[in-house]
Amino acid sequence: MRFPFRSWLLPFRRSTSRLAFGLLATLAVLGAIALAVAPSQARSAVNLPWVELSGERSAGISGLVWQAAEPNSDPGGGFGRQGEAQAHGDRFLAVHDTKSDPALFKRLSRLQWNDRHSWGMFSLTWPAAAELPNDLEAISAIPGARDYVAVTSRGRAYRLAIPAANSTIGDVFFTSDPRSLEQEPTVRAVFDLPATPEPNCDIETLQITRLGDRLVVLFADRGGDRRPATLHWGWFDPATNAIALQGSTPITGPLDPKLQRSLADVVVLPDGRLLGAAAIDRGDNGPFQSTLYWLGRLQLVQNQLVWQPTAQGRSLVNAGNHKIEALALAPAGNPTRLAIATDDENLGLAVTQIPLDRLLP
């Protein structure tokens, strides 16, 4: 009886071996396909090419917004005196977290950049007759208007009219007092963001964007002390500056949860995706740590704002010993680049720009 049993088992073993081989081959093919369709998972973090712009503590940037491209750009990339524009340059408005200092020129600045990685920054004078802000942390353009809204860590908001610049980076370097080149901003209104229930709330981000035919405002406290950040969103009425909150969600960054501030800043892509910055601040002299990560997407569904979180925020950049606190998309409307600025406390300010597609999932 053993012989017939072995005769039956032999072909079964052969078929089993063929089946196992086939399964292994199929798994190998599926693995290759998975790698091909999900390259973002294998993409390594981007090393940011910083430009150390200033070593002064007061230079640190806490908020950034794109203002305009350099007019009459020179294809040859001239870097000269007044009237000689820079090639493919960008202008940004920056706010600084100056506290308890009566100086009028330490709150708001203009930052200029060109494609040869030349940067220049000079202060704009805050109007003397207006309320002087304390600890500005973020600034956003108002889509469809020429105004901006800057906000402090305590939620005090300032609607600003800021004239477009008529000077170049060359003017900044060849003028003894660059502030003389600029017209003074105007404070059109002062108002407060809606109160929120977070303990020790520190607002560090503000964005006003358009979804459908309405304006949406997003703001968040930074989190910390093992507490996640809280992102809030609602409708914004540009006629009255009124904000009607519609929802909120906790946000946890990809750094050490015991030390991180989960939201140092955020930008909103035209399709509603949110890119945020998380940071660790161990003191005025560092060491610092920060990164960028995707938070999720805010969408308009049947006239309702719907939040779709990212499954897991992954660290996208290596920032070195820098504390990222300011992000800005450029140009507005159809962004292709991301401008990044730091507030490195006693170590000053560093800036960079990178192509946005290097961060896209």
# chains A, B, ... in the order shown; residues from 1 in each chain; ligands from 1

$ select_by_dssp --residues "segment 70-302 of chain A" --states "strand (DSSP E or B)" --output "PyMOL selection string"
chain A and resi 90-95+108-113+119-124+136-141+147-152+156-161+186-192+203-211+214-221+224+227+229-237+242-251+261-268+273-281+288-301

$ residues_around --residues "segment 224-238 of chain A" --least-positions-apart "5" --cutoff "10 Å" --atoms "only C-alpha atoms" --output "JSON, numbers by chain"
{"A": [142, 143, 144, 145, 147, 194, 196, 197, 198, 199, 200, 201, 202, 203, 204, 205, 206, 207, 208, 209, 210, 211, 214, 215, 216, 217, 218, 219, 243, 244, 245, 246, 247, 248, 249, 250, 251, 252, 253, 256, 257, 258, 259, 260, 261, 262, 263, 264, 266, 278, 279, 280, 298, 305, 307]}

$ residues_around --residues "Leu193 of chain A" --least-positions-apart "4" --cutoff "9 Å" --atoms "only C-alpha atoms" --output "VMD selection string"
chain A and resid 151 154 to 157 219 242 to 243

$ write_last_selection --atoms "C-alpha atoms" --output "mmCIF file, in the first residue's frame"
data_model
loop_
_atom_site.group_PDB
_atom_site.id
_atom_site.type_symbol
_atom_site.label_atom_id
_atom_site.label_comp_id
_atom_site.auth_asym_id
_atom_site.auth_seq_id
_atom_site.Cartn_x
_atom_site.Cartn_y
_atom_site.Cartn_z
ATOM 1 C CA VAL A 151 -2.027 88.566 13.592
ATOM 2 C CA ARG A 154 -2.861 86.491 21.228
ATOM 3 C CA GLY A 155 -5.151 86.701 18.208
ATOM 4 C CA ARG A 156 -5.119 90.474 17.687
ATOM 5 C CA ALA A 157 -5.471 91.060 13.936
ATOM 6 C CA PHE A 219 -5.592 79.822 12.035
ATOM 7 C CA ALA A 242 -16.103 88.931 10.527
ATOM 8 C CA ILE A 243 -15.144 85.288 11.045
#

$ closest_residue --among "A:Leu327, A:Ala130, A:Ile354, A:Ile162" --to "Val190 of chain A" --atoms "only C-alpha atoms"
A:Ala130

$ residues_around --residues "Ala94 of chain A" --least-positions-apart "5" --cutoff "10 Å" --atoms "only C-alpha atoms" --output "PDB file with C-alpha atoms, in the first residue's frame"
ATOM      1  CA  ALA A  59      15.705  89.902  12.043  1.00  0.00           C
ATOM      2  CA  GLY A  60      13.968  86.567  12.695  1.00  0.00           C
ATOM      3  CA  ILE A  61      10.801  86.126  10.611  1.00  0.00           C
ATOM      4  CA  SER A  62       7.611  84.731  12.132  1.00  0.00           C
ATOM      5  CA  GLY A  63       5.289  85.150   9.134  1.00  0.00           C
ATOM      6  CA  LEU A  64       5.706  85.506   5.365  1.00  0.00           C
ATOM      7  CA  VAL A  65       3.491  86.181   2.342  1.00  0.00           C
ATOM      8  CA  TRP A  66       4.251  86.622  -1.363  1.00  0.00           C
ATOM      9  CA  GLN A  67       3.505  90.135  -2.547  1.00  0.00           C
ATOM     10  CA  ARG A 107       7.299  94.740  13.027  1.00  0.00           C
ATOM     11  CA  LEU A 108       7.041  94.565   9.258  1.00  0.00           C
ATOM     12  CA  SER A 109       9.632  94.081   6.499  1.00  0.00           C
ATOM     13  CA  ARG A 110       9.922  93.495   2.791  1.00  0.00           C
ATOM     14  CA  LEU A 111      12.027  90.565   1.623  1.00  0.00           C
ATOM     15  CA  MET A 121      15.449  92.655   3.475  1.00  0.00           C
ATOM     16  CA  PHE A 122      14.533  96.052   4.847  1.00  0.00           C
ATOM     17  CA  SER A 123      12.022  97.285   7.393  1.00  0.00           C
ATOM     18  CA  LEU A 124       8.756  99.065   6.703  1.00  0.00           C
ATOM     19  CA  LEU A 136       3.212  89.441  15.324  1.00  0.00           C
ATOM     20  CA  GLU A 137       3.277  85.793  14.279  1.00  0.00           C
ATOM     21  CA  ALA A 138       1.598  85.474  10.871  1.00  0.00           C
ATOM     22  CA  ILE A 139       0.479  87.401   7.805  1.00  0.00           C
ATOM     23  CA  SER A 140      -1.851  86.510   4.927  1.00  0.00           C
ATOM     24  CA  ALA A 150      -1.322  90.210  10.247  1.00  0.00           C
ATOM     25  CA  ALA A 326       7.346  81.174   8.071  1.00  0.00           C
ATOM     26  CA  ALA A 328       4.894  81.388   1.606  1.00  0.00           C
ATOM     27  CA  ALA A 341      12.182  81.637   6.563  1.00  0.00           C
TER      28      ALA A 341
END

$ residues_around --residues "Trp126 of chain A" --least-positions-apart "2" --cutoff "7 Å" --atoms "only C-alpha atoms" --output "MDAnalysis selection string"
chainID A and resid 104:105 124 128 184:185

$ write_last_selection --atoms "N, CA and C atoms" --output "mmCIF file, in the first residue's frame"
data_model
loop_
_atom_site.group_PDB
_atom_site.id
_atom_site.type_symbol
_atom_site.label_atom_id
_atom_site.label_comp_id
_atom_site.auth_asym_id
_atom_site.auth_seq_id
_atom_site.Cartn_x
_atom_site.Cartn_y
_atom_site.Cartn_z
ATOM 1 N N LEU A 104 9.152 101.635 15.624
ATOM 2 C CA LEU A 104 8.129 101.439 14.600
ATOM 3 C C LEU A 104 8.610 100.611 13.424
ATOM 4 N N PHE A 105 9.898 100.287 13.371
ATOM 5 C CA PHE A 105 10.439 99.611 12.194
ATOM 6 C C PHE A 105 10.865 98.164 12.477
ATOM 7 N N LEU A 124 9.785 98.084 7.008
ATOM 8 C CA LEU A 124 8.756 99.065 6.703
ATOM 9 C C LEU A 124 8.332 99.715 8.014
ATOM 10 N N ALA A 128 2.725 105.609 12.852
ATOM 11 C CA ALA A 128 2.832 106.050 14.242
ATOM 12 C C ALA A 128 1.472 106.247 14.900
ATOM 13 N N GLU A 184 4.606 104.344 3.539
ATOM 14 C CA GLU A 184 4.190 103.789 4.824
ATOM 15 C C GLU A 184 2.939 102.936 4.674
ATOM 16 N N PRO A 185 2.892 101.776 5.319
ATOM 17 C CA PRO A 185 1.656 100.969 5.312
ATOM 18 C C PRO A 185 0.525 101.706 6.023
#

$ closest_residue --among "A:Gly223, A:Lys99, A:Val187, A:Pro49" --to "Gly320 of chain A" --atoms "only C-alpha atoms"
A:Pro49

$ closest_residue --among "A:Thr186, A:Thr336, A:Asn321, A:Arg282" --to "Asn47 of chain A" --atoms "only C-alpha atoms"
A:Asn321

$ closest_residue --among "A:Val149, A:Leu356, A:Leu269, A:Val46" --to "Ala189 of chain A" --atoms "only C-alpha atoms"
A:Val149

$ select_by_dssp --residues "segment 99-255 of chain A" --states "helix (DSSP H, G or I)" --output "list in words"
Ile169, Gly170, Asp171, Val172, Phe173, Phe174, Pro178, Arg179, Ser180 and Leu181 of chain A

$ residues_around --residues "Pro335 of chain A" --least-positions-apart "2" --cutoff "12 Å" --atoms "only C-alpha atoms" --output "PDB file with C-alpha atoms, in the first residue's frame"
ATOM      1  CA  TRP A  66       4.251  86.622  -1.363  1.00  0.00           C
ATOM      2  CA  VAL A 267       0.188  77.202   3.645  1.00  0.00           C
ATOM      3  CA  VAL A 268      -2.871  76.196   1.624  1.00  0.00           C
ATOM      4  CA  LEU A 269      -2.566  74.923  -1.939  1.00  0.00           C
ATOM      5  CA  PRO A 270      -5.271  75.849  -4.475  1.00  0.00           C
ATOM      6  CA  ASP A 271      -6.807  72.360  -4.158  1.00  0.00           C
ATOM      7  CA  ALA A 328       4.894  81.388   1.606  1.00  0.00           C
ATOM      8  CA  LEU A 329       3.771  80.039  -1.761  1.00  0.00           C
ATOM      9  CA  ALA A 330       4.898  81.837  -4.917  1.00  0.00           C
ATOM     10  CA  PRO A 331       3.479  83.021  -7.138  1.00  0.00           C
ATOM     11  CA  ALA A 332      -0.001  83.455  -5.741  1.00  0.00           C
ATOM     12  CA  GLY A 333      -2.805  81.581  -7.499  1.00  0.00           C
ATOM     13  CA  ARG A 337       7.799  77.468  -5.320  1.00  0.00           C
ATOM     14  CA  LEU A 338       7.841  77.545  -1.543  1.00  0.00           C
ATOM     15  CA  ALA A 339       9.686  80.289   0.323  1.00  0.00           C
ATOM     16  CA  ILE A 354      12.598  75.234  -3.156  1.00  0.00           C
ATOM     17  CA  PRO A 355      10.399  73.930  -6.001  1.00  0.00           C
ATOM     18  CA  LEU A 356       7.052  72.880  -4.612  1.00  0.00           C
ATOM     19  CA  ASP A 357       7.012  69.667  -6.626  1.00  0.00           C
TER      20      ASP A 357
END

$ residues_around --residues "Asp281 of chain A" --least-positions-apart "3" --cutoff "9 Å" --atoms "only C-alpha atoms" --output "list in words"
Leu259, Gln260, Arg261, Asp284, Gly286, Pro287, Phe288, Gln289, Ser290, Lys323 and Asp344 of chain A

$ write_last_selection --atoms "C-alpha atoms" --output "PDB file, in the first residue's frame"
ATOM      1  CA  LEU A 259       9.185  68.763  22.564  1.00  0.00           C
ATOM      2  CA  GLN A 260       7.590  69.864  19.304  1.00  0.00           C
ATOM      3  CA  ARG A 261       5.381  72.775  18.420  1.00  0.00           C
ATOM      4  CA  ASP A 284      17.427  81.273  22.383  1.00  0.00           C
ATOM      5  CA  GLY A 286      19.316  76.498  20.069  1.00  0.00           C
ATOM      6  CA  PRO A 287      19.793  73.796  19.148  1.00  0.00           C
ATOM      7  CA  PHE A 288      16.749  73.975  16.881  1.00  0.00           C
ATOM      8  CA  GLN A 289      14.962  71.377  14.824  1.00  0.00           C
ATOM      9  CA  SER A 290      12.156  71.772  12.298  1.00  0.00           C
ATOM     10  CA  LYS A 323      13.641  76.886  13.407  1.00  0.00           C
ATOM     11  CA  ASP A 344      16.561  81.390  14.998  1.00  0.00           C
TER      12      ASP A 344
END

$ atom_distance --atom1 "atom CA of Leu48 of chain A" --atom2 "atom CA of Thr291 of chain A"
10.0 Å
